[in-house]
$ cat entry.pdb   # PDB, C-alpha atoms
MODEL        1
ATOM      1  CA  MET A   1     -26.904   9.191  36.296  1.00  0.00           C
ATOM      2  CA  LYS A   2     -27.128  11.797  33.565  1.00  0.00           C
ATOM      3  CA  LYS A   3     -23.877  12.718  31.836  1.00  0.00           C
ATOM      4  CA  ALA A   4     -22.902  16.396  31.781  1.00  0.00           C
ATOM      5  CA  PRO A   5     -22.593  17.943  28.305  1.00  0.00           C
ATOM      6  CA  SER A   6     -19.069  17.935  26.969  1.00  0.00           C
ATOM      7  CA  THR A   7     -17.177  21.198  26.825  1.00  0.00           C
ATOM      8  CA  LYS A   8     -14.634  19.698  24.439  1.00  0.00           C
ATOM      9  CA  PRO A   9     -14.863  21.033  20.880  1.00  0.00           C
ATOM     10  CA  ARG A  10     -15.977  18.524  18.287  1.00  0.00           C
ATOM     11  CA  THR A  11     -13.016  16.960  16.566  1.00  0.00           C
ATOM     12  CA  THR A  12     -14.936  15.279  13.763  1.00  0.00           C
ATOM     13  CA  ALA A  13     -16.112  17.494  10.936  1.00  0.00           C
ATOM     14  CA  GLN A  14     -19.887  17.650  10.580  1.00  0.00           C
ATOM     15  CA  SER A  15     -19.886  18.114   6.795  1.00  0.00           C
ATOM     16  CA  VAL A  16     -17.642  17.390   3.829  1.00  0.00           C
ATOM     17  CA  ASP A  17     -17.058  21.116   3.319  1.00  0.00           C
ATOM     18  CA  GLU A  18     -15.981  21.464   6.962  1.00  0.00           C
ATOM     19  CA  TYR A  19     -13.685  18.428   6.618  1.00  0.00           C
ATOM     20  CA  LEU A  20     -12.041  19.872   3.501  1.00  0.00           C
ATOM     21  CA  ALA A  21     -11.635  23.310   5.108  1.00  0.00           C
ATOM     22  CA  ARG A  22      -9.515  21.668   7.812  1.00  0.00           C
ATOM     23  CA  VAL A  23      -7.213  19.892   5.336  1.00  0.00           C
ATOM     24  CA  PRO A  24      -3.992  21.774   4.498  1.00  0.00           C
ATOM     25  CA  GLN A  25      -2.696  22.175   0.954  1.00  0.00           C
ATOM     26  CA  PRO A  26      -1.687  20.359  -1.197  1.00  0.00           C
ATOM     27  CA  ALA A  27      -3.994  17.619   0.117  1.00  0.00           C
ATOM     28  CA  ARG A  28      -7.085  19.888   0.059  1.00  0.00           C
ATOM     29  CA  GLY A  29      -6.650  20.578  -3.650  1.00  0.00           C
ATOM     30  CA  THR A  30      -6.160  16.870  -4.296  1.00  0.00           C
ATOM     31  CA  LEU A  31      -9.323  15.937  -2.395  1.00  0.00           C
ATOM     32  CA  ASN A  32     -11.336  18.667  -4.133  1.00  0.00           C
ATOM     33  CA  LYS A  33     -10.303  17.213  -7.516  1.00  0.00           C
ATOM     34  CA  LEU A  34     -11.284  13.713  -6.383  1.00  0.00           C
ATOM     35  CA  ARG A  35     -14.605  14.981  -5.036  1.00  0.00           C
ATOM     36  CA  ALA A  36     -15.359  16.680  -8.357  1.00  0.00           C
ATOM     37  CA  ALA A  37     -14.518  13.507 -10.294  1.00  0.00           C
ATOM     38  CA  VAL A  38     -16.818  11.409  -8.090  1.00  0.00           C
ATOM     39  CA  ARG A  39     -19.624  13.997  -8.219  1.00  0.00           C
ATOM     40  CA  SER A  40     -19.468  14.024 -12.008  1.00  0.00           C
ATOM     41  CA  VAL A  41     -20.582  10.378 -12.240  1.00  0.00           C
ATOM     42  CA  VAL A  42     -22.794   9.695  -9.210  1.00  0.00           C
ATOM     43  CA  PRO A  43     -26.580   9.880  -9.575  1.00  0.00           C
ATOM     44  CA  GLU A  44     -28.283  13.107  -8.531  1.00  0.00           C
ATOM     45  CA  GLU A  45     -29.790  11.398  -5.492  1.00  0.00           C
ATOM     46  CA  ALA A  46     -26.381  10.406  -4.107  1.00  0.00           C
ATOM     47  CA  THR A  47     -25.485  12.274  -0.938  1.00  0.00           C
ATOM     48  CA  GLU A  48     -22.298  13.287   0.810  1.00  0.00           C
ATOM     49  CA  ALA A  49     -21.737  12.738   4.500  1.00  0.00           C
ATOM     50  CA  ILE A  50     -19.048  12.248   7.082  1.00  0.00           C
ATOM     51  CA  SER A  51     -18.891   8.580   8.007  1.00  0.00           C
ATOM     52  CA  TYR A  52     -16.224   7.091  10.252  1.00  0.00           C
ATOM     53  CA  GLY A  53     -14.681  10.568  10.295  1.00  0.00           C
ATOM     54  CA  ILE A  54     -14.123  10.795   6.535  1.00  0.00           C
ATOM     55  CA  PRO A  55     -16.051  12.170   3.540  1.00  0.00           C
ATOM     56  CA  MET A  56     -18.241   9.494   2.001  1.00  0.00           C
ATOM     57  CA  PHE A  57     -20.593   9.459  -0.954  1.00  0.00           C
ATOM     58  CA  LYS A  58     -23.704   7.452  -0.197  1.00  0.00           C
ATOM     59  CA  TYR A  59     -26.023   5.827  -2.686  1.00  0.00           C
ATOM     60  CA  ARG A  60     -27.943   2.757  -1.593  1.00  0.00           C
ATOM     61  CA  GLY A  61     -25.517   2.580   1.318  1.00  0.00           C
ATOM     62  CA  MET A  62     -21.834   3.465   1.380  1.00  0.00           C
ATOM     63  CA  LEU A  63     -20.507   4.106  -2.105  1.00  0.00           C
ATOM     64  CA  PHE A  64     -17.091   5.759  -2.147  1.00  0.00           C
ATOM     65  CA  GLY A  65     -14.933   7.674   0.323  1.00  0.00           C
ATOM     66  CA  PHE A  66     -11.781   9.765   0.391  1.00  0.00           C
ATOM     67  CA  ALA A  67      -9.554  11.227   3.092  1.00  0.00           C
ATOM     68  CA  ALA A  68      -6.324  13.052   3.851  1.00  0.00           C
ATOM     69  CA  PHE A  69      -3.749  11.929   6.372  1.00  0.00           C
ATOM     70  CA  SER A  70      -0.476  13.531   7.424  1.00  0.00           C
ATOM     71  CA  LYS A  71       1.662  11.924   4.710  1.00  0.00           C
ATOM     72  CA  HIS A  72      -0.825  10.602   2.133  1.00  0.00           C
ATOM     73  CA  CYS A  73      -4.388  10.683   0.850  1.00  0.00           C
ATOM     74  CA  SER A  74      -6.645   7.685   0.390  1.00  0.00           C
ATOM     75  CA  LEU A  75      -9.618   6.518  -1.620  1.00  0.00           C
ATOM     76  CA  PHE A  76     -12.057   3.998  -0.197  1.00  0.00           C
ATOM     77  CA  PRO A  77     -14.049   2.223  -2.936  1.00  0.00           C
ATOM     78  CA  THR A  78     -15.858   0.159  -0.238  1.00  0.00           C
ATOM     79  CA  SER A  79     -15.630  -2.928  -2.438  1.00  0.00           C
ATOM     80  CA  MET A  80     -12.930  -5.569  -2.576  1.00  0.00           C
ATOM     81  CA  ALA A  81     -14.394  -6.766  -5.892  1.00  0.00           C
ATOM     82  CA  VAL A  82     -13.813  -3.353  -7.494  1.00  0.00           C
ATOM     83  CA  MET A  83     -10.296  -3.194  -6.067  1.00  0.00           C
ATOM     84  CA  LYS A  84      -9.585  -6.622  -7.542  1.00  0.00           C
ATOM     85  CA  ALA A  85     -11.152  -5.760 -10.914  1.00  0.00           C
ATOM     86  CA  PHE A  86      -8.916  -2.680 -11.250  1.00  0.00           C
ATOM     87  CA  LYS A  87      -5.793  -4.268  -9.776  1.00  0.00           C
ATOM     88  CA  ASN A  88      -3.717  -3.543 -12.896  1.00  0.00           C
ATOM     89  CA  ASP A  89      -4.859   0.100 -12.991  1.00  0.00           C
ATOM     90  CA  LEU A  90      -3.831   0.461  -9.355  1.00  0.00           C
ATOM     91  CA  ASN A  91      -0.284  -0.939  -9.735  1.00  0.00           C
ATOM     92  CA  ASN A  92       1.322   2.453  -9.057  1.00  0.00           C
ATOM     93  CA  PHE A  93      -0.516   2.919  -5.768  1.00  0.00           C
ATOM     94  CA  ASP A  94      -0.127   1.492  -2.290  1.00  0.00           C
ATOM     95  CA  ILE A  95      -3.182  -0.715  -1.893  1.00  0.00           C
ATOM     96  CA  SER A  96      -4.410  -2.687   1.071  1.00  0.00           C
ATOM     97  CA  LYS A  97      -7.726  -4.020   2.308  1.00  0.00           C
ATOM     98  CA  GLY A  98     -10.153  -1.614   0.665  1.00  0.00           C
ATOM     99  CA  THR A  99      -7.795   1.370   0.602  1.00  0.00           C
ATOM    100  CA  ILE A 100      -5.902   3.080  -2.216  1.00  0.00           C
ATOM    101  CA  ARG A 101      -3.127   5.325  -0.837  1.00  0.00           C
ATOM    102  CA  PHE A 102      -1.190   7.947  -2.805  1.00  0.00           C
ATOM    103  CA  PRO A 103       1.018  11.010  -2.175  1.00  0.00           C
ATOM    104  CA  LEU A 104      -0.707  14.194  -1.038  1.00  0.00           C
ATOM    105  CA  ASP A 105      -0.148  15.881  -4.402  1.00  0.00           C
ATOM    106  CA  LYS A 106      -0.312  12.909  -6.814  1.00  0.00           C
ATOM    107  CA  PRO A 107      -3.862  11.555  -6.963  1.00  0.00           C
ATOM    108  CA  PRO A 108      -5.102   8.905  -9.364  1.00  0.00           C
ATOM    109  CA  SER A 109      -6.361  10.395 -12.628  1.00  0.00           C
ATOM    110  CA  ALA A 110      -9.927  11.641 -12.758  1.00  0.00           C
ATOM    111  CA  ALA A 111     -10.552   9.017 -15.464  1.00  0.00           C
ATOM    112  CA  LEU A 112      -9.479   6.194 -13.125  1.00  0.00           C
ATOM    113  CA  VAL A 113     -11.542   7.568 -10.232  1.00  0.00           C
ATOM    114  CA  LYS A 114     -14.595   7.773 -12.499  1.00  0.00           C
ATOM    115  CA  LYS A 115     -14.054   4.159 -13.628  1.00  0.00           C
ATOM    116  CA  LEU A 116     -13.879   3.003 -10.003  1.00  0.00           C
ATOM    117  CA  VAL A 117     -17.041   4.904  -9.068  1.00  0.00           C
ATOM    118  CA  LYS A 118     -18.921   3.617 -12.128  1.00  0.00           C
ATOM    119  CA  ALA A 119     -17.936   0.053 -11.172  1.00  0.00           C
ATOM    120  CA  ARG A 120     -19.294   0.657  -7.646  1.00  0.00           C
ATOM    121  CA  LEU A 121     -22.517   2.053  -9.104  1.00  0.00           C
ATOM    122  CA  ALA A 122     -22.864  -1.042 -11.293  1.00  0.00           C
ATOM    123  CA  GLU A 123     -22.515  -3.205  -8.180  1.00  0.00           C
ATOM    124  CA  LYS A 124     -25.172  -1.185  -6.406  1.00  0.00           C
ATOM    125  CA  LYS A 125     -27.509  -1.443  -9.399  1.00  0.00           C
ATOM    126  CA  HIS A 126     -27.380  -5.235  -9.221  1.00  0.00           C
ATOM    127  CA  LYS A 127     -28.218  -5.287  -5.503  1.00  0.00           C
ATOM    128  CA  GLN A 128     -31.662  -4.685  -4.054  1.00  0.00           C
ATOM    129  CA  PRO A 129     -32.317  -1.001  -3.265  1.00  0.00           C
ATOM    130  CA  ARG A 130     -32.207  -0.156   0.432  1.00  0.00           C
TER     131      ARG A 130
ENDMDL
END
$ encode --input "entry.pdb" --output "structure tokens"
Amino acid sequence: MKKAPSTKPRTTAQSVDEYLARVPQPARGTLNKLRAAVRSVVPEEATEAISYGIPMFKYRGMLFGFAAFSKHCSLFPTSMAVMKAFKNDLNNFDISKGTIRFPLDKPPSAALVKKLVKARLAEKKHKQPR
């Protein structure tokens, strides 16, 4: 039996810009700063997409994500090895299983974000291209 098309509006953003437009301040400003920091170090061929409902940079697979929630924002380095390697740099943040959480208006420094992304890129470089 064929399913009737849904009349419900889509709840998941279809693009990173759409996702960010839905995020209230101060979290939107925080995520825009994080996005700019990541963009400044990823290769030109890296892409942005919504994956699992959050903005994600992709390069040879999942690279690095970020998101806003009601009481915090998060970074998703998609690598436990990178999280472990930067454990001391992440002391001031709430960290758990692949997630770095921080207050809506107090993101990690752009320098730290760039270091995390560069470490992820180094991991990707050592793996076979997809």
$ resolve_selection --input "entry.pdb" --expression "the PyMOL selection byres ((chain A and resi 53) around 9)" --output "list in words"
Thr12, Ala13, Gln14, Tyr19, Ile50, Ser51, Tyr52, Ile54, Pro55 and Ala67 of chain A
$ resolve_selection --input "entry.pdb" --expression "the PyMOL selection byres ((chain A and resi 62) around 12)" --output "CSV table (one decimal) with C-alpha atoms, in the frame of the given file"
chain,number,residue,atom,x,y,z
A,46,ALA,CA,-26.4,10.4,-4.1
A,47,THR,CA,-25.5,12.3,-0.9
A,48,GLU,CA,-22.3,13.3,0.8
A,49,ALA,CA,-21.7,12.7,4.5
A,50,ILE,CA,-19.0,12.2,7.1
A,51,SER,CA,-18.9,8.6,8.0
A,52,TYR,CA,-16.2,7.1,10.3
A,54,ILE,CA,-14.1,10.8,6.5
A,55,PRO,CA,-16.1,12.2,3.5
A,56,MET,CA,-18.2,9.5,2.0
A,57,PHE,CA,-20.6,9.5,-1.0
A,58,LYS,CA,-23.7,7.5,-0.2
A,59,TYR,CA,-26.0,5.8,-2.7
A,60,ARG,CA,-27.9,2.8,-1.6
A,61,GLY,CA,-25.5,2.6,1.3
A,63,LEU,CA,-20.5,4.1,-2.1
A,64,PHE,CA,-17.1,5.8,-2.1
A,65,GLY,CA,-14.9,7.7,0.3
A,66,PHE,CA,-11.8,9.8,0.4
A,76,PHE,CA,-12.1,4.0,-0.2
A,77,PRO,CA,-14.0,2.2,-2.9
A,78,THR,CA,-15.9,0.2,-0.2
A,79,SER,CA,-15.6,-2.9,-2.4
A,117,VAL,CA,-17.0,4.9,-9.1
A,120,ARG,CA,-19.3,0.7,-7.6
A,121,LEU,CA,-22.5,2.1,-9.1
A,123,GLU,CA,-22.5,-3.2,-8.2
A,124,LYS,CA,-25.2,-1.2,-6.4
A,130,ARG,CA,-32.2,-0.2,0.4
$ resolve_selection --input "entry.pdb" --expression "the PyMOL selection byres ((chain A and resi 93) around 12)" --output "list in words"
His72, Cys73, Ser74, Leu75, Met83, Phe86, Lys87, Asn88, Asp89, Leu90, Asn91, Asn92, Asp94, Ile95, Ser96, Thr99, Ile100, Arg101, Phe102, Pro103, Lys106, Pro107, Pro108 and Ser109 of chain A
$ atom_distance --input "entry.pdb" --atom1 "CA of Ala68 (chain A)" --atom2 "CA of Lys118 (chain A)"
22.4 Å
$ axis_aligned_box --input "entry.pdb" --around "region 52-70 of chain A" --padding-each-side "3 Å" --output "AutoDock Vina command-line options"
--center_x -14.2 --center_y 8.1 --center_z 3.8 --size_x 33.5 --size_y 17.0 --size_z 19.0
$ atom_distance --input "entry.pdb" --atom1 "CA of Ala36 (chain A)" --atom2 "CA of Val82 (chain A)"
20.1 Å
$ atom_distance --input "entry.pdb" --atom1 "CA of Ala122 (chain A)" --atom2 "CA of Ala37 (chain A)"
16.8 Å
$ closest_residue --input "entry.pdb" --among "A:Asp105, A:Leu112, A:Ser40, A:Thr11" --to "Pro26 (chain A)" --atoms "all atoms listed in the file"
A:Asp105
$ closest_residue --input "entry.pdb" --among "A:Val113, A:Leu104, A:Ala119, A:Val23" --to "Ala81 (chain A)" --atoms "all atoms listed in the file"
A:Ala119
